[in-house]
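For reference, the structure discussed in these notes is given below.
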Amino acid sequence: MESFLKTLTGTGTLARQRSGIADTGGVSERPDDAKNVWRMALRTRGGMELKIEWKPGDTEGAYAALSDKVRLGRTHDDSDSFLADVSSLEASRIQTHSLLDQGGLPFAPSALTSLTTLRLASDDLFSDGVLDMFVRSSLVVLDAAGQKLPAPRIEALFAAFPPSVPLTSLLLRRNQLGALPAAVLERCPHLTELDASDNRLTEVPSNLLQLCPSLEVLNLETNKISVPALDLRGGSLRTLQLGLNPLDYLPTLAPLTRLVELSICSVRITKKGPRMDPKTCFQAMPVTAELLKG
């Protein structure tokens with residue numbers, strides 16, 4: 001604890017704070033001390049960046065370090081005003097598989113009233129109920145990769161939100177999705193990026209592009225999709241990633257007139273589809289960049 005606070009209040013931290021960027025400088029150089037360490041990277045709407053690290057049971061020390069850094073940064077009156085100005089948060093842990101519970105947080109997530117970006121940079125990060133405290137209807141980017149979330153759990157996170165939310169990026173790779181959370185997607189008319197790779201999907205809603213008319217990037221790689229039933233008409237997709245799926249056939253890509261990236265790596269076509277004239281299917285596609293993997 002003593003060495004932790006000395007690191008945070010050292011002259012190196014002061015110099016970084018005066019430049020507008022605060023860094024922890026690490027907790028300890030000893031490998032044993034580096035275990036069971038939590039980290040949060042915070043960024044305000046004005047661009048000030050601040051990082052804090054703490055060990056389990058040392059939330060008071062972490063909050064004291066946060067207050068000290070805010071004071072040295074001289075851009076906010078106190079920790080409360082700083083937290084209210086935070087627009088981006090990235091949470092991670094170092095060399096541990098422990099779950100962060102509500103009592104292990106250095107501040108109340110409700111203080112983050114301006115939060116628009118939430119990134120979880122370590123797999124299976126929070127215990128039950130903690131993620132709910134950070135997810136809110138103002139989010140524009142939600143990166144919840146590797147959190148072992150099934151579709152009903154994700155839908156529950158959004159259940160109390162308005163019919164339309166400003167979310168533009170939803171990253172759900174490496175979860176436990178047996179289906180896409182349709183109840184969430186229908187609330188996201190502005191969604192431009194959806195990553196559901198490395199899950200357990202066997203099918204995709206045929207009306208996905210109608211639910212999310214602004215969708216430009218769709219990553220469905222490493223799933224169990226055999227029949228690509230997507231209705232691609234009217235879609236705005238620029239990137240479509242279907243690799244590492246046991247597809248029976250490839251969907252007709254002619255409606256995707258804005259497509260510039262297609263990934264079909266390791267796709268093994270097991271059935272023959274109806275033969276069509278290639279010119280009919282592809283001549284109208286203004287492909288400006290061709291990236292075909294496989």
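Quick note on naming: the chains in the structure tokens go A, B, ... in the order shown, residues restart at 1 in each chain, and ligands are numbered from 1 in order of appearance.
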Counting only C-alpha atoms, give me one row per residue of stretch 168-213 of chain A with an atom at most 12 Å from an atom of stretch 226-248 of chain A, showing the shortest contact pair and its distance in Å to one decimal, sorted by chain then residue number, as a Markdown table.
```
| residue | atom | partner | partner_atom | distance |
| --- | --- | --- | --- | --- |
| A:His190 | CA | A:Ser236 | CA | 11.8 |
| A:Leu191 | CA | A:Ser236 | CA | 11.2 |
| A:Thr192 | CA | A:Leu237 | CA | 8.7 |
| A:Glu193 | CA | A:Thr239 | CA | 9.3 |
| A:Leu194 | CA | A:Leu240 | CA | 10.2 |
| A:Asp195 | CA | A:Gln241 | CA | 9.3 |
| A:Ala196 | CA | A:Gln241 | CA | 10.2 |
| A:Ser197 | CA | A:Gln241 | CA | 8.8 |
| A:Asp198 | CA | A:Leu244 | CA | 9.2 |
| A:Asn199 | CA | A:Asn245 | CA | 10.8 |
| A:Arg200 | CA | A:Asn245 | CA | 10.4 |
| A:Leu201 | CA | A:Asn245 | CA | 9.6 |
| A:Thr202 | CA | A:Ser226 | CA | 6.8 |
| A:Glu203 | CA | A:Val227 | CA | 6.9 |
| A:Val204 | CA | A:Leu230 | CA | 6.7 |
| A:Pro205 | CA | A:Leu230 | CA | 6.6 |
| A:Ser206 | CA | A:Leu230 | CA | 4.2 |
| A:Asn207 | CA | A:Asp231 | CA | 6.0 |
| A:Leu208 | CA | A:Leu230 | CA | 6.9 |
| A:Leu209 | CA | A:Gly235 | CA | 5.7 |
| A:Gln210 | CA | A:Gly235 | CA | 7.5 |
| A:Leu211 | CA | A:Gly235 | CA | 10.3 |
| A:Cys212 | CA | A:Gly235 | CA | 8.7 |
| A:Pro213 | CA | A:Gly235 | CA | 6.3 |
```
Extract, using only C-alpha atoms, all DNA, RNA and protein residues at most 10 Å from A:Phe158, discarding same-chain residues fewer than 3 positions from it, and format them as a PyMOL selection string.
chain A and resi 132+135-137+153-155+161-163+165+183-185+187
Atom CA of A:Leu139 to atom CA of A:Pro166, straight-line distance in Å
6.7 Å
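Taking atom CA of A:Leu218 and atom CA of A:Val260 as the two end points, the separation is 12.3 Å.
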What are the closest atom pairs, with distances in Å to one decimal, for all residues of stretch 31-70 of chain A lying within 7 Å of stretch 87-99 of chain A? Consider only C-alpha atoms, order rows by chain and residue number, and present the result as a tab-separated table.
```
residue	atom	partner	partner_atom	distance
A:Ala34	CA	A:Ile94	CA	7.0
A:Lys35	CA	A:Gln95	CA	5.1
A:Asn36	CA	A:Thr96	CA	5.1
A:Val37	CA	A:Ile94	CA	5.3
A:Trp38	CA	A:Arg93	CA	4.4
A:Arg39	CA	A:Ser92	CA	5.3
A:Met40	CA	A:Ala91	CA	4.6
A:Ala41	CA	A:Glu90	CA	5.1
A:Leu42	CA	A:Leu89	CA	4.8
A:Arg43	CA	A:Ser88	CA	5.1
A:Thr44	CA	A:Ser87	CA	5.2
A:Arg45	CA	A:Ser87	CA	5.5
```
C-alpha atoms of the current selection, written as a CSV table (one decimal), in the first residue's frame:
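Just written: again25.csv:
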```
chain,number,residue,atom,x,y,z
A,34,ALA,CA,1.7,-7.3,-9.9
A,35,LYS,CA,-1.0,-10.0,-9.4
A,36,ASN,CA,-4.6,-9.2,-8.5
A,37,VAL,CA,-4.4,-5.6,-9.8
A,38,TRP,CA,-7.3,-3.8,-11.3
A,39,ARG,CA,-6.9,-0.9,-13.8
A,40,MET,CA,-9.1,1.8,-15.2
A,41,ALA,CA,-8.3,4.2,-17.9
A,42,LEU,CA,-10.5,7.3,-17.9
A,43,ARG,CA,-10.9,10.0,-20.5
A,44,THR,CA,-12.9,13.2,-20.2
A,45,ARG,CA,-14.8,15.0,-22.9
```
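Going from atom CA of A:Lys148 over to atom CA of A:Leu172, you cover 9.4 Å.
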DSSP-assigned strand (DSSP E or B) among stretch 15-258 of chain A, expressed as a PyMOL selection string:
chain A and resi 21+37-44+49-54+86-94+100+117-120+126+141-143+169-171+193-195+217-219+239-241
Run DSSP on the backbone and give me the residues of stretch 17-212 of chain A it puts in helix (DSSP H, G or I), as an MDAnalysis selection string.
chainID A and resid 17:18 31:34 59:73 79:85 102:104 109:111 130:134 151:158 182:185 208:211
